[in-house]
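J.: Have a look at this one.
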Amino acid sequence: MIQVRYFARLRDQLGSPGEEMNEFPPTIGELAERLAARGGNWAEALGGTVLMAINQEMVGPDAPLKDGDEVAFLPPVTGG
Amino acid sequence: MIQVRYFARLRDQLGSPGEEMNEFPPTIGELAERLAARGGNWAEALGGTVLMAINQEMVGPDAPLKDGDEVAFLPPVTGG
Amino acid sequence: MRRDIRVQTEPFDVGEETARLSAGDFGVGAVASFVGLVRAHNRVGDEQAEIETMTLEHYPGMTEKALGRIVDAAAERWPLQAVTVIHRVGELQLGEPIVLVLTASAHRRAAFESCQFIMDILKTEAPFWKKERLPDGKERWVDARESDGKAAARWLGDGVE
Amino acid sequence: MRRDIRVQTEPFDVGEETARLSAGDFGVGAVASFVGLVRAHNRVGDEQAEIETMTLEHYPGMTEKALGRIVDAAAERWPLQAVTVIHRVGELQLGEPIVLVLTASAHRRAAFESCQFIMDILKTEAPFWKKERLPDGKERWVDARESDGKAAARWLGDGVE
């Protein structure tokens with residue numbers, strides 16, 4: 001099982017702060033594609049520029065997923 | 001008459017905070033040469049890198065002198 | 001190197017933080033700092049708009065890690081004696097301080113450059129997001145700026161300055 | 001642009017000055033600052049030496065004019081809303097602040113660059129001189145640094161940064 005989290009504008013677009021998934025693909029990039037394939041807001045939210053993190057570290061789309069991971073999809077950051 | 005002022009290390013080397021001069025050459029560079037020609041500490045102090053100011057503005061050696069000017073010779077600055 | 005990284009809702013005291021940074025360390029000759037403030041006339045879409053309040057969201061846990069990495073990267077590039085980074089979250093009013101970065105070094109160039117480096121990288125890598133509320137009550141997430149990406153990118157080549 | 005230039009023997013309060021700089025001006029989004037401190041391990045001739053106190057002399061009248069010109073030059077190069085420059089003179093102890101430069105702008109790059117510019121030019125053009133007293137009672141005028149001349153010179157070409 002992995003925990004998937006959505007933040008800021010992305011969370012508002014998806015109407016969800018996150019979800020748990022028992023089944024997940026081998027990489028975070030494939031997970032993003034699978035989520036976008038839900039269509040509607042999902043396609044829109046995950047089709048644009050999205051940052052990805054595993055266990056609170058930024059990663060690229062090829063990063064592998066494993067059981068117990070905390071996975072996050074983040075809009076481009078705007079702090080400071 | 002012009003007022004000539006010496007600051008910091010230069011003043012210590014010359015043993016004087018300044019002097020008044022009734023007669024003076026046409027430019028500040030020539031004044032520096034005339035002072036250096038006094039020899040000894042004067043030659044030493046004014047022979048190295050010296051900044052020059054007229055009426056509290058930095059100037060180059062060709063800057064003209066006129067009656068009433070406040071002339072200053074300054075060592076390289078070390079503030080901040 | 002001493003480091004102090006905080007994410008908090010409370011305001012910070014720039015004078016106190018500056019004094020604390022160098023207290024007792026007589027090798028510090030230079031302290032550079034940056035304070036970012038909630039500014040009016042922010043760009044919303046194509047229009048300039050007055051904002052009423054700003055709300056800062058972050059990713060607790062990841063934020064502290066990201067800030068720690070950025071400070072470490074600065075300490076690798078410049079000889080620093082101390083760094084403080086304080087970033088506020090929650091609701092902030094117009095004119096309120098959002099972020100403080102303080103860097104202490106023996107010499108000013110290291111202090112200046114590392115402070116700017118930390119801000120530039122923070123702007124593109126630390127997981128904070130700003131939402132603005134306009135006087136009409138509308139709320140909008142602030143868009144990332146292309147200029148921030150460029151500012152961060154200039155530190156990544158060899159030719160820093 | 002608001003400007004506040006002071007030469008004084010008293011210490012300054014960085015927090016108060018920072019708050020004052022942007023108070024009531026909601027167009028300020030970025031405040032950069034620099035504080036220079038009396039540092040131990042200063043170079044005296046070819047040797048490192050602990051210093052006990054530092055005395056700062058200046059050229060009253062000319063100092064204020066020179067600082068004013070430097071601030072004007074910064075305001076011509078960057079869009080600034082406010083600048084504060086405070087430089088202390090007289091006898092200072094180890095660890096005490098010597099100089100404060102604060103620049104306020106809508107954006108951080110202008111604030112950072114103008115702050116560094118003002119310090120770099122101040123270091124080579126403002127008529128201040130430092131004399132150090134060592135623990136053995138000896139006093140020495142501090143030598144100008146070649147690196148300060150280079151730091152100032154890099155702003156004079158077209159290619160800033």
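Each chain in the structure tokens gets a letter, A, B and so on, in the order shown; residues start at 1 in every chain, and ligands are counted from 1 in the order they appear.
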Identify every residue of chain D that has at least one atom within 6 Å of any atom of chain C, counting only C-alpha atoms, and report the result as a PyMOL selection string.
T.: chain D and resi 14-15+26-37+39-40+95+161
J.: At a cut-off of 9 Å, which residues of chain D touch chain B? Count only C-alpha atoms and give the answer as a compact mmCIF listing (two decimals) with N, CA and C atoms, in the first residue's frame.
T.:
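Contents of out_4.txt, as written:
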```
# COMPACT_ATOMS: atom_id res chain seq x y z
N VAL D 35 24.96 43.71 7.35
CA VAL D 35 25.56 44.24 8.58
C VAL D 35 27.03 43.82 8.59
N GLY D 36 27.90 44.79 8.71
CA GLY D 36 29.34 44.51 8.87
C GLY D 36 29.70 44.63 10.34
N LEU D 37 30.48 43.67 10.83
CA LEU D 37 30.82 43.60 12.26
C LEU D 37 32.33 43.66 12.47
N LEU D 56 37.06 53.93 14.24
CA LEU D 56 36.73 54.38 12.90
C LEU D 56 36.75 55.89 12.81
N GLU D 57 37.59 56.38 11.92
CA GLU D 57 37.66 57.81 11.64
C GLU D 57 36.96 58.08 10.33
N HIS D 58 36.45 59.28 10.16
CA HIS D 58 35.87 59.63 8.86
C HIS D 58 36.12 61.10 8.56
N TYR D 59 35.65 61.55 7.42
CA TYR D 59 35.81 62.93 6.98
C TYR D 59 34.43 63.56 7.05
N GLY D 61 31.17 65.51 6.78
CA GLY D 61 30.71 66.34 5.67
C GLY D 61 30.90 65.59 4.36
N MET D 62 32.13 65.24 4.06
CA MET D 62 32.37 64.49 2.83
C MET D 62 31.73 63.10 2.90
N THR D 63 31.77 62.50 4.08
CA THR D 63 31.21 61.15 4.24
C THR D 63 29.75 61.11 3.81
N LYS D 65 28.11 63.20 1.96
CA LYS D 65 27.99 63.44 0.51
C LYS D 65 28.31 62.18 -0.28
N ALA D 66 29.39 61.51 0.10
CA ALA D 66 29.81 60.31 -0.64
C ALA D 66 28.74 59.22 -0.53
N HIS D 87 26.40 54.19 9.18
CA HIS D 87 27.79 53.81 9.39
C HIS D 87 28.24 54.41 10.72
N ILE D 98 29.30 47.62 12.61
CA ILE D 98 29.93 48.83 12.06
C ILE D 98 29.00 49.55 11.10
N VAL D 99 28.41 48.76 10.21
CA VAL D 99 27.65 49.37 9.11
C VAL D 99 26.38 48.58 8.85
N LEU D 100 25.33 49.29 8.47
CA LEU D 100 24.07 48.67 8.06
C LEU D 100 23.64 49.27 6.73
N MET D 119 27.42 48.42 -0.74
CA MET D 119 28.55 48.01 0.12
C MET D 119 29.86 48.02 -0.66
N ASP D 120 29.85 47.50 -1.88
CA ASP D 120 31.08 47.42 -2.66
C ASP D 120 31.63 48.82 -2.95
N LEU D 122 30.83 51.66 -1.31
CA LEU D 122 31.17 52.28 -0.02
C LEU D 122 32.59 51.91 0.41
N LYS D 123 32.92 50.64 0.21
CA LYS D 123 34.23 50.13 0.65
C LYS D 123 35.40 50.81 -0.05
N THR D 124 35.17 51.38 -1.23
CA THR D 124 36.29 52.00 -1.96
C THR D 124 36.14 53.51 -2.11
N GLU D 125 34.95 54.06 -1.83
CA GLU D 125 34.77 55.49 -2.09
C GLU D 125 34.34 56.34 -0.88
N ALA D 126 33.82 55.72 0.16
CA ALA D 126 33.37 56.53 1.30
C ALA D 126 34.56 56.74 2.25
N PRO D 127 34.80 57.99 2.66
CA PRO D 127 36.00 58.30 3.45
C PRO D 127 35.92 57.88 4.92
N PHE D 128 36.05 56.57 5.12
CA PHE D 128 36.19 56.00 6.46
C PHE D 128 37.54 55.29 6.53
N TRP D 129 38.13 55.32 7.73
CA TRP D 129 39.39 54.60 7.93
C TRP D 129 39.35 53.87 9.27
N LYS D 130 39.82 52.64 9.25
CA LYS D 130 39.83 51.80 10.45
C LYS D 130 41.23 51.73 11.05
N LYS D 131 41.30 51.89 12.37
CA LYS D 131 42.54 51.66 13.09
C LYS D 131 42.27 50.58 14.13
N ARG D 140 47.33 50.03 14.68
CA ARG D 140 47.72 50.04 13.26
C ARG D 140 46.55 50.41 12.38
N TRP D 141 46.82 51.26 11.42
CA TRP D 141 45.79 51.55 10.42
C TRP D 141 45.60 50.31 9.56
N VAL D 142 44.35 49.99 9.28
CA VAL D 142 44.05 48.83 8.44
C VAL D 142 44.38 49.16 6.98
N ASP D 143 45.03 48.23 6.30
CA ASP D 143 45.34 48.43 4.88
C ASP D 143 44.11 48.19 4.01
N ALA D 144 44.00 48.97 2.96
CA ALA D 144 42.94 48.73 1.97
C ALA D 144 43.22 47.38 1.29
N ARG D 145 42.14 46.68 0.93
CA ARG D 145 42.27 45.37 0.31
C ARG D 145 42.13 45.49 -1.20
```
J.: If you run DSSP on the backbone, which residues of stretch 31-100 of chain C are strand (DSSP E), as a PyMOL selection string?
T.: chain C and resi 31-37+42-44+47-49+53-58+82-88+90-93+97-100
J.: Generate a file of the selected residues that holds N, CA, C and O atoms, formatted as a tab-separated table (two decimals), in the first residue's frame.
T.:
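result26.tsv, freshly written:
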```tsv
chain	number	residue	atom	x	y	z
C	31	VAL	N	27.02	39.86	7.88
C	31	VAL	CA	25.72	39.20	7.94
C	31	VAL	C	24.85	39.78	6.83
C	31	VAL	O	24.59	40.99	6.82
C	32	ALA	N	24.44	38.93	5.90
C	32	ALA	CA	23.51	39.38	4.86
C	32	ALA	C	22.13	38.84	5.21
C	32	ALA	O	22.01	37.77	5.80
C	33	SER	N	21.11	39.60	4.89
C	33	SER	CA	19.78	39.10	5.18
C	33	SER	C	18.81	39.46	4.08
C	33	SER	O	19.02	40.39	3.30
C	34	PHE	N	17.74	38.69	4.03
C	34	PHE	CA	16.65	38.97	3.12
C	34	PHE	C	15.34	38.78	3.86
C	34	PHE	O	15.16	37.79	4.57
C	35	VAL	N	14.44	39.74	3.69
C	35	VAL	CA	13.08	39.60	4.21
C	35	VAL	C	12.13	39.75	3.04
C	35	VAL	O	12.19	40.74	2.30
C	36	GLY	N	11.26	38.77	2.86
C	36	GLY	CA	10.21	38.85	1.85
C	36	GLY	C	8.90	39.23	2.53
C	36	GLY	O	8.59	38.70	3.59
C	37	LEU	N	8.16	40.16	1.92
C	37	LEU	CA	6.95	40.70	2.54
C	37	LEU	C	5.74	40.48	1.63
C	37	LEU	O	5.90	40.43	0.40
C	42	ASN	N	0.11	42.56	-6.67
C	42	ASN	CA	0.61	41.30	-7.20
C	42	ASN	C	-0.13	41.01	-8.51
C	42	ASN	O	-1.25	41.45	-8.71
C	43	ARG	N	0.53	40.28	-9.36
C	43	ARG	CA	-0.07	39.98	-10.65
C	43	ARG	C	-1.03	38.81	-10.50
C	43	ARG	O	-0.66	37.77	-9.98
C	44	VAL	N	-2.25	38.99	-10.95
C	44	VAL	CA	-3.23	37.90	-10.93
C	44	VAL	C	-3.68	37.73	-12.36
C	44	VAL	O	-4.36	38.59	-12.91
C	47	GLU	N	-3.74	40.75	-14.89
C	47	GLU	CA	-4.05	42.03	-14.28
C	47	GLU	C	-3.32	42.26	-12.97
C	47	GLU	O	-3.00	41.33	-12.25
C	48	GLN	N	-3.06	43.52	-12.68
C	48	GLN	CA	-2.54	43.90	-11.38
C	48	GLN	C	-3.75	43.92	-10.45
C	48	GLN	O	-4.83	44.35	-10.83
C	49	ALA	N	-3.57	43.44	-9.24
C	49	ALA	CA	-4.71	43.43	-8.31
C	49	ALA	C	-4.22	43.69	-6.90
C	49	ALA	O	-3.15	43.22	-6.51
C	53	THR	N	-5.45	39.48	1.80
C	53	THR	CA	-4.63	38.63	2.66
C	53	THR	C	-3.99	37.56	1.78
C	53	THR	O	-4.42	37.33	0.65
C	54	MET	N	-2.99	36.92	2.35
C	54	MET	CA	-2.31	35.84	1.65
C	54	MET	C	-2.25	34.65	2.60
C	54	MET	O	-1.96	34.82	3.78
C	55	THR	N	-2.54	33.46	2.07
C	55	THR	CA	-2.44	32.27	2.90
C	55	THR	C	-1.35	31.37	2.35
C	55	THR	O	-1.32	31.11	1.15
C	56	LEU	N	-0.44	30.97	3.22
C	56	LEU	CA	0.65	30.10	2.80
C	56	LEU	C	0.45	28.69	3.30
C	56	LEU	O	0.33	28.44	4.50
C	57	GLU	N	0.40	27.77	2.35
C	57	GLU	CA	0.30	26.34	2.66
C	57	GLU	C	1.68	25.72	2.44
C	57	GLU	O	2.47	26.22	1.65
C	58	HIS	N	1.96	24.65	3.14
C	58	HIS	CA	3.21	23.94	2.87
C	58	HIS	C	3.01	22.45	3.07
C	58	HIS	O	1.90	22.00	3.34
C	82	ALA	N	27.13	30.66	9.99
C	82	ALA	CA	25.78	30.42	10.50
C	82	ALA	C	24.75	30.80	9.45
C	82	ALA	O	24.97	31.71	8.65
C	83	VAL	N	23.64	30.07	9.45
C	83	VAL	CA	22.52	30.38	8.55
C	83	VAL	C	21.22	30.24	9.34
C	83	VAL	O	21.05	29.29	10.11
C	84	THR	N	20.33	31.20	9.16
C	84	THR	CA	18.98	31.10	9.71
C	84	THR	C	17.98	31.22	8.56
C	84	THR	O	18.13	32.12	7.72
C	85	VAL	N	17.02	30.30	8.51
C	85	VAL	CA	15.92	30.42	7.55
C	85	VAL	C	14.61	30.27	8.33
C	85	VAL	O	14.41	29.25	9.02
C	86	ILE	N	13.79	31.29	8.27
C	86	ILE	CA	12.48	31.21	8.92
C	86	ILE	C	11.43	31.50	7.84
C	86	ILE	O	11.50	32.52	7.16
C	87	HIS	N	10.48	30.58	7.68
C	87	HIS	CA	9.42	30.78	6.69
C	87	HIS	C	8.09	30.65	7.39
C	87	HIS	O	7.84	29.68	8.09
C	88	ARG	N	7.25	31.65	7.21
C	88	ARG	CA	5.94	31.60	7.86
C	88	ARG	C	4.91	30.89	6.98
C	88	ARG	O	5.02	30.85	5.76
C	90	GLY	N	0.37	29.91	6.95
C	90	GLY	CA	-0.91	30.37	7.48
C	90	GLY	C	-1.31	31.68	6.83
C	90	GLY	O	-0.81	32.04	5.77
C	91	GLU	N	-2.22	32.40	7.49
C	91	GLU	CA	-2.76	33.62	6.88
C	91	GLU	C	-1.93	34.83	7.27
C	91	GLU	O	-1.67	35.07	8.45
C	92	LEU	N	-1.53	35.61	6.27
C	92	LEU	CA	-0.71	36.80	6.50
C	92	LEU	C	-1.40	38.03	5.89
C	92	LEU	O	-2.04	37.92	4.86
C	93	GLN	N	-1.22	39.16	6.55
C	93	GLN	CA	-1.80	40.41	6.05
C	93	GLN	C	-0.80	41.15	5.16
C	93	GLN	O	0.41	40.92	5.23
C	97	PRO	N	5.88	40.23	7.07
C	97	PRO	CA	7.01	39.44	6.58
C	97	PRO	C	6.63	37.97	6.40
C	97	PRO	O	5.91	37.39	7.21
C	98	ILE	N	7.11	37.39	5.31
C	98	ILE	CA	6.85	35.99	4.98
C	98	ILE	C	8.07	35.13	5.31
C	98	ILE	O	7.96	34.06	5.87
C	99	VAL	N	9.23	35.60	4.88
C	99	VAL	CA	10.42	34.77	4.96
C	99	VAL	C	11.62	35.60	5.39
C	99	VAL	O	11.72	36.78	5.06
C	100	LEU	N	12.51	34.98	6.17
C	100	LEU	CA	13.77	35.61	6.58
C	100	LEU	C	14.90	34.63	6.28
C	100	LEU	O	14.84	33.47	6.68
```
J.: Considering only C-alpha atoms, return as a ChimeraX atom specification whatever protein or nucleic-acid residues lie within 10 Å of B:Asn22, sequence-local ones (same chain, fewer than 4 positions apart) excluded.
T.: /B:1-3,67-68
J.: At what distance in Å, to one decimal, does atom CA of C:Ile121 lie from atom CA of C:Ala152?
T.: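 About the pair atom CA of C:Ala152 and atom CA of C:Ile121: they are 5.3 Å apart.
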J.: What residues in chain C get the DSSP label alpha helix (DSSP H)? Please answer as a ChimeraX atom specification.
T.: /C:14-22,62-77,108-125,146-153
J.: Which residues come within 9 Å of C:Met1, counting only C-alpha atoms, excluding same-chain residues fewer than 2 positions away, as a list in words?
T.: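 Here the answer would be Arg3, Ala75, Pro79, Leu80, Gln81, Ala82 and Val83 of chain C.
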J.: Would you mind exporting the chosen residues as a PDB file, in the first residue's frame, restricted to C-alpha atoms?
T.:
```
ATOM      1  CA  ARG C   3      21.940  26.329  11.282  1.00  0.00           C
ATOM      2  CA  ALA C  75      27.401  25.712   3.108  1.00  0.00           C
ATOM      3  CA  PRO C  79      32.505  29.439   3.911  1.00  0.00           C
ATOM      4  CA  LEU C  80      29.615  30.203   6.268  1.00  0.00           C
ATOM      5  CA  GLN C  81      29.537  30.379  10.044  1.00  0.00           C
ATOM      6  CA  ALA C  82      25.778  30.419  10.502  1.00  0.00           C
ATOM      7  CA  VAL C  83      22.520  30.379   8.553  1.00  0.00           C
TER       8      VAL C  83
END
```
